[in-house]
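Visitor: Please see the structure below; I have some questions.
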There are 2 protein chains.
Amino acid sequence: MFQIKSRIWIENNQGIFLGEGRLRLLCAIEKEGSLSKAAKSLKMSYKKAWNLIDAINKSAPEPVVIKSTGGSNGGGTQITAYGKHKMIQFEEMKLRCWEFMKSEIETFNK
Amino acid sequence: MFQIKSRIWIENNQGIFLGEGRLRLLCAIEKEGSLSKAAKSLKMSYKKAWNLIDAINKSAPEPVVIKSTGGSNGGGTQITAYGKHKMIQFEEMKLRCWEFMKSEIETFNK
């Protein structure tokens, strides 16, 4: 029995916007509320995480990640409403694509 | 405007069966009628090409590539009818998946 596998990502003229690795980082930022904690939780260097976030923001028409300063916890890193919307859209789109591919592999296995 | 990009490949319990690189090699074998000529046309080492073909054949329920011996041209390498069928199926499946993804990205761009 063959299975279909895929990697799906989103690009525009500015370069890659979202892919598996970037989505994982955004989820970690959402959970941790901090870029350095998010990077640490993924065993990724702060520099690499920062570069990824910078690339995401630069390729997006609106900011996806923002730094929040001050407050009782001394500030942190947050996902914007736009960013959250795109994360959910990407997840849902992947699920629908995988569903479609699953139906396609049935034909391939015949 | 965002675009959706993807890599699609086929696996089973024996490992990877078909992907972009393997399909390219099979197409070159079909065109050249020889593994060494096919490898050369793709600027791939003979050893790498042989390993890929061996992996394809080992992961398939039927041979995809066979060595033909003798004849006026001294033998060569050929794609079996089964192999050709799977190559076409894979190509057609990818096209349908890309078509589906194109419809999905319209929603993402809204």
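To be explicit about the labels: the chains of the structure tokens are called A, B, and onward in the order shown, and within each one the residues are counted from 1, while ligands get numbers from 1 in the order they are shown.
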Show me, as a list in words, every residue of chain A with an atom at most 7 Å from chain B, counting only C-alpha atoms.

Guide: Met1, Phe2, Gln3, Ile4, Lys5, Ser6, Arg7, Ile8, Trp9, Ile10, Glu11, Asn12, Gln89, Met93, Cys97, Met101, Glu104 and Phe108 of chain A

Visitor: Let me see the file: selected residues, C-alpha atoms, as a PDB file, in the first residue's frame.

Guide:
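Saved file selection-v3.pdb follows:
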```
ATOM      1  CA  MET A   1       0.000   0.000   0.000  1.00  0.00           C
ATOM      2  CA  PHE A   2       1.458   3.331  -1.071  1.00  0.00           C
ATOM      3  CA  GLN A   3       0.987   6.502   0.923  1.00  0.00           C
ATOM      4  CA  ILE A   4       1.170  10.062  -0.332  1.00  0.00           C
ATOM      5  CA  LYS A   5       3.440  12.459   1.551  1.00  0.00           C
ATOM      6  CA  SER A   6       3.851  16.165   1.083  1.00  0.00           C
ATOM      7  CA  ARG A   7       5.348  19.362   2.328  1.00  0.00           C
ATOM      8  CA  ILE A   8       3.227  22.438   1.814  1.00  0.00           C
ATOM      9  CA  TRP A   9       4.325  26.024   2.235  1.00  0.00           C
ATOM     10  CA  ILE A  10       3.235  29.550   1.344  1.00  0.00           C
ATOM     11  CA  GLU A  11       5.316  32.033  -0.610  1.00  0.00           C
ATOM     12  CA  ASN A  12       4.941  35.417  -2.217  1.00  0.00           C
ATOM     13  CA  GLN A  89      -5.999  29.392   7.736  1.00  0.00           C
ATOM     14  CA  MET A  93      -5.784  24.520   4.323  1.00  0.00           C
ATOM     15  CA  CYS A  97      -5.095  19.307   1.055  1.00  0.00           C
ATOM     16  CA  MET A 101      -4.409  13.661  -1.289  1.00  0.00           C
ATOM     17  CA  GLU A 104      -6.014  10.543  -4.614  1.00  0.00           C
ATOM     18  CA  PHE A 108      -2.800   5.227  -7.154  1.00  0.00           C
TER      19      PHE A 108
END
```

Visitor: DSSP on the backbone: which residues in stretch 14-97 of chain B end up as alpha helix (DSSP H)? Give the answer as a PyMOL selection string.

Guide: chain B and resi 20-32+35-41+46-59+81-97

Visitor: Would you work out the distance separating atom CA of A:Ile29 from atom CA of B:Lys110, expressed in Å to one decimal?

Guide: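 Distance reported for this atom pair: 24.8 Å.
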
Visitor: Just the residues within 12 Å of B:Lys84, please, counting only C-alpha atoms, with nothing from its chain fewer than 3 positions along; format it as a list in words.

Guide: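 Final neighbour list, sorted by chain and number: Leu23, Leu26, Cys27, Ile29, Glu30, Glu62, Pro63, Val64, Val65, Ile66, Gln78, Ile79, Thr80, Ala81, Met87, Ile88, Gln89, Phe90 and Glu91 of chain B.
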
Visitor: Just write the chosen residues, C-alpha atoms, as an mmCIF file, in the first residue's frame.

Guide:
```cif
data_model
loop_
_atom_site.group_PDB
_atom_site.id
_atom_site.type_symbol
_atom_site.label_atom_id
_atom_site.label_comp_id
_atom_site.auth_asym_id
_atom_site.auth_seq_id
_atom_site.Cartn_x
_atom_site.Cartn_y
_atom_site.Cartn_z
ATOM 1 C CA LEU B 23 10.538 10.638 -11.642
ATOM 2 C CA LEU B 26 12.840 7.464 -14.829
ATOM 3 C CA CYS B 27 11.907 9.921 -17.591
ATOM 4 C CA ILE B 29 15.922 6.377 -18.668
ATOM 5 C CA GLU B 30 12.836 6.188 -20.854
ATOM 6 C CA GLU B 62 6.628 -5.214 -9.307
ATOM 7 C CA PRO B 63 9.830 -4.121 -11.083
ATOM 8 C CA VAL B 64 9.768 -0.572 -12.447
ATOM 9 C CA VAL B 65 13.110 -0.710 -14.262
ATOM 10 C CA ILE B 66 14.735 -3.729 -15.924
ATOM 11 C CA GLN B 78 14.035 -0.074 -19.719
ATOM 12 C CA ILE B 79 10.940 1.007 -17.854
ATOM 13 C CA THR B 80 8.406 -1.807 -17.438
ATOM 14 C CA ALA B 81 4.738 -1.387 -18.325
ATOM 15 C CA MET B 87 4.870 7.288 -13.614
ATOM 16 C CA ILE B 88 1.758 8.482 -15.449
ATOM 17 C CA GLN B 89 -0.435 7.966 -12.387
ATOM 18 C CA PHE B 90 1.989 9.992 -10.268
ATOM 19 C CA GLU B 91 2.118 12.841 -12.791
#
```

Visitor: Since chain B and chain A share a sequence, can you fit the second onto the first over all C-alpha atoms in order and output it as a PDB file with C-alpha atoms, in the first residue's frame?

Guide:
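What landed in part.pdb:
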```
ATOM      1  CA  MET A   1      -0.637  37.600  -3.355  1.00  0.00           C
ATOM      2  CA  PHE A   2       0.424  34.369  -1.681  1.00  0.00           C
ATOM      3  CA  GLN A   3       1.119  31.201  -3.612  1.00  0.00           C
ATOM      4  CA  ILE A   4       0.978  27.646  -2.337  1.00  0.00           C
ATOM      5  CA  LYS A   5       4.014  25.447  -2.965  1.00  0.00           C
ATOM      6  CA  SER A   6       4.438  21.775  -2.289  1.00  0.00           C
ATOM      7  CA  ARG A   7       6.556  18.714  -2.674  1.00  0.00           C
ATOM      8  CA  ILE A   8       4.654  15.484  -3.096  1.00  0.00           C
ATOM      9  CA  TRP A   9       6.078  11.994  -2.913  1.00  0.00           C
ATOM     10  CA  ILE A  10       4.960   8.386  -2.530  1.00  0.00           C
ATOM     11  CA  GLU A  11       6.125   6.034   0.195  1.00  0.00           C
ATOM     12  CA  ASN A  12       5.316   2.609   1.534  1.00  0.00           C
ATOM     13  CA  ASN A  13       6.731   0.495   4.355  1.00  0.00           C
ATOM     14  CA  GLN A  14       9.821  -0.180   2.229  1.00  0.00           C
ATOM     15  CA  GLY A  15      10.612   3.541   2.015  1.00  0.00           C
ATOM     16  CA  ILE A  16      10.247   6.208  -0.657  1.00  0.00           C
ATOM     17  CA  PHE A  17       8.875   4.917  -3.945  1.00  0.00           C
ATOM     18  CA  LEU A  18       8.476   7.989  -6.185  1.00  0.00           C
ATOM     19  CA  GLY A  19       9.297  11.673  -5.842  1.00  0.00           C
ATOM     20  CA  GLU A  20      10.390  14.494  -8.134  1.00  0.00           C
ATOM     21  CA  GLY A  21      14.018  13.371  -8.441  1.00  0.00           C
ATOM     22  CA  ARG A  22      13.159   9.746  -9.035  1.00  0.00           C
ATOM     23  CA  LEU A  23      10.541  10.648 -11.615  1.00  0.00           C
ATOM     24  CA  ARG A  24      13.090  12.796 -13.459  1.00  0.00           C
ATOM     25  CA  LEU A  25      15.511   9.862 -13.529  1.00  0.00           C
ATOM     26  CA  LEU A  26      12.848   7.469 -14.820  1.00  0.00           C
ATOM     27  CA  CYS A  27      11.903   9.936 -17.578  1.00  0.00           C
ATOM     28  CA  ALA A  28      15.576  10.201 -18.555  1.00  0.00           C
ATOM     29  CA  ILE A  29      15.923   6.391 -18.671  1.00  0.00           C
ATOM     30  CA  GLU A  30      12.835   6.204 -20.858  1.00  0.00           C
ATOM     31  CA  LYS A  31      14.333   8.794 -23.207  1.00  0.00           C
ATOM     32  CA  GLU A  32      17.898   7.456 -23.274  1.00  0.00           C
ATOM     33  CA  GLY A  33      17.251   3.717 -22.985  1.00  0.00           C
ATOM     34  CA  SER A  34      20.306   3.424 -20.772  1.00  0.00           C
ATOM     35  CA  LEU A  35      20.993   4.089 -17.109  1.00  0.00           C
ATOM     36  CA  SER A  36      24.463   5.518 -17.679  1.00  0.00           C
ATOM     37  CA  LYS A  37      23.236   7.891 -20.401  1.00  0.00           C
ATOM     38  CA  ALA A  38      20.277   8.900 -18.236  1.00  0.00           C
ATOM     39  CA  ALA A  39      22.562   9.623 -15.276  1.00  0.00           C
ATOM     40  CA  LYS A  40      24.904  11.629 -17.496  1.00  0.00           C
ATOM     41  CA  SER A  41      22.013  13.684 -18.938  1.00  0.00           C
ATOM     42  CA  LEU A  42      21.040  14.653 -15.360  1.00  0.00           C
ATOM     43  CA  LYS A  43      24.665  15.270 -14.300  1.00  0.00           C
ATOM     44  CA  MET A  44      24.191  12.512 -11.692  1.00  0.00           C
ATOM     45  CA  SER A  45      26.794   9.885 -10.834  1.00  0.00           C
ATOM     46  CA  TYR A  46      26.093   6.371 -12.168  1.00  0.00           C
ATOM     47  CA  LYS A  47      26.297   5.074  -8.613  1.00  0.00           C
ATOM     48  CA  LYS A  48      23.656   7.494  -7.350  1.00  0.00           C
ATOM     49  CA  ALA A  49      21.359   6.702 -10.292  1.00  0.00           C
ATOM     50  CA  TRP A  50      21.821   2.970  -9.734  1.00  0.00           C
ATOM     51  CA  ASN A  51      21.046   3.336  -6.015  1.00  0.00           C
ATOM     52  CA  LEU A  52      17.872   5.296  -6.782  1.00  0.00           C
ATOM     53  CA  ILE A  53      16.671   2.713  -9.297  1.00  0.00           C
ATOM     54  CA  ASP A  54      17.482  -0.076  -6.861  1.00  0.00           C
ATOM     55  CA  ALA A  55      15.472   1.713  -4.137  1.00  0.00           C
ATOM     56  CA  ILE A  56      12.530   2.209  -6.517  1.00  0.00           C
ATOM     57  CA  ASN A  57      12.500  -1.457  -7.532  1.00  0.00           C
ATOM     58  CA  LYS A  58      12.850  -2.642  -3.944  1.00  0.00           C
ATOM     59  CA  SER A  59       9.940  -0.540  -2.717  1.00  0.00           C
ATOM     60  CA  ALA A  60       7.633  -1.543  -5.589  1.00  0.00           C
ATOM     61  CA  PRO A  61       5.479  -4.691  -5.693  1.00  0.00           C
ATOM     62  CA  GLU A  62       6.631  -5.215  -9.319  1.00  0.00           C
ATOM     63  CA  PRO A  63       9.842  -4.128 -11.098  1.00  0.00           C
ATOM     64  CA  VAL A  64       9.775  -0.578 -12.442  1.00  0.00           C
ATOM     65  CA  VAL A  65      13.103  -0.702 -14.265  1.00  0.00           C
ATOM     66  CA  ILE A  66      14.714  -3.727 -15.934  1.00  0.00           C
ATOM     67  CA  LYS A  67      18.004  -4.392 -17.658  1.00  0.00           C
ATOM     68  CA  SER A  68      17.576  -5.692 -21.181  1.00  0.00           C
ATOM     69  CA  THR A  69      20.536  -7.702 -22.424  1.00  0.00           C
ATOM     70  CA  GLY A  70      21.724  -8.520 -25.927  1.00  0.00           C
ATOM     71  CA  GLY A  71      20.094  -7.244 -29.117  1.00  0.00           C
ATOM     72  CA  SER A  72      21.724  -5.098 -31.773  1.00  0.00           C
ATOM     73  CA  ASN A  73      22.463  -2.246 -29.334  1.00  0.00           C
ATOM     74  CA  GLY A  74      24.004  -4.548 -26.714  1.00  0.00           C
ATOM     75  CA  GLY A  75      21.191  -4.144 -24.215  1.00  0.00           C
ATOM     76  CA  GLY A  76      20.135  -1.268 -22.039  1.00  0.00           C
ATOM     77  CA  THR A  77      17.785  -0.198 -19.299  1.00  0.00           C
ATOM     78  CA  GLN A  78      14.035  -0.065 -19.736  1.00  0.00           C
ATOM     79  CA  ILE A  79      10.939   1.012 -17.862  1.00  0.00           C
ATOM     80  CA  THR A  80       8.407  -1.785 -17.442  1.00  0.00           C
ATOM     81  CA  ALA A  81       4.726  -1.367 -18.319  1.00  0.00           C
ATOM     82  CA  TYR A  82       4.008  -1.310 -14.588  1.00  0.00           C
ATOM     83  CA  GLY A  83       6.626   1.407 -14.087  1.00  0.00           C
ATOM     84  CA  LYS A  84       5.239   3.513 -16.925  1.00  0.00           C
ATOM     85  CA  HIS A  85       1.747   3.162 -15.494  1.00  0.00           C
ATOM     86  CA  LYS A  86       2.928   4.373 -12.068  1.00  0.00           C
ATOM     87  CA  MET A  87       4.861   7.293 -13.599  1.00  0.00           C
ATOM     88  CA  ILE A  88       1.750   8.479 -15.425  1.00  0.00           C
ATOM     89  CA  GLN A  89      -0.446   7.961 -12.365  1.00  0.00           C
ATOM     90  CA  PHE A  90       1.980   9.989 -10.240  1.00  0.00           C
ATOM     91  CA  GLU A  91       2.111  12.831 -12.766  1.00  0.00           C
ATOM     92  CA  GLU A  92      -1.666  12.964 -13.068  1.00  0.00           C
ATOM     93  CA  MET A  93      -2.123  12.786  -9.311  1.00  0.00           C
ATOM     94  CA  LYS A  94       0.286  15.698  -8.780  1.00  0.00           C
ATOM     95  CA  LEU A  95      -1.579  17.790 -11.340  1.00  0.00           C
ATOM     96  CA  ARG A  96      -4.900  17.168  -9.572  1.00  0.00           C
ATOM     97  CA  CYS A  97      -3.335  17.989  -6.182  1.00  0.00           C
ATOM     98  CA  TRP A  98      -1.871  21.232  -7.527  1.00  0.00           C
ATOM     99  CA  GLU A  99      -5.235  22.122  -9.049  1.00  0.00           C
ATOM    100  CA  PHE A 100      -6.843  21.573  -5.642  1.00  0.00           C
ATOM    101  CA  MET A 101      -4.170  23.637  -3.891  1.00  0.00           C
ATOM    102  CA  LYS A 102      -4.664  26.490  -6.357  1.00  0.00           C
ATOM    103  CA  SER A 103      -8.311  26.644  -5.370  1.00  0.00           C
ATOM    104  CA  GLU A 104      -7.307  26.583  -1.690  1.00  0.00           C
ATOM    105  CA  ILE A 105      -4.871  29.493  -1.955  1.00  0.00           C
ATOM    106  CA  GLU A 106      -7.649  31.738  -3.219  1.00  0.00           C
ATOM    107  CA  THR A 107      -9.286  31.438   0.197  1.00  0.00           C
ATOM    108  CA  PHE A 108      -5.948  32.083   1.908  1.00  0.00           C
ATOM    109  CA  ASN A 109      -5.468  35.286  -0.097  1.00  0.00           C
ATOM    110  CA  LYS A 110      -8.814  36.724   1.024  1.00  0.00           C
TER     111      LYS A 110
END
```

Visitor: I need the residues of chain B that end up classed as strand (DSSP E) by DSSP on the backbone, written out as a ChimeraX atom specification.

Guide: /B:3-12,15-18,65-68,76-79
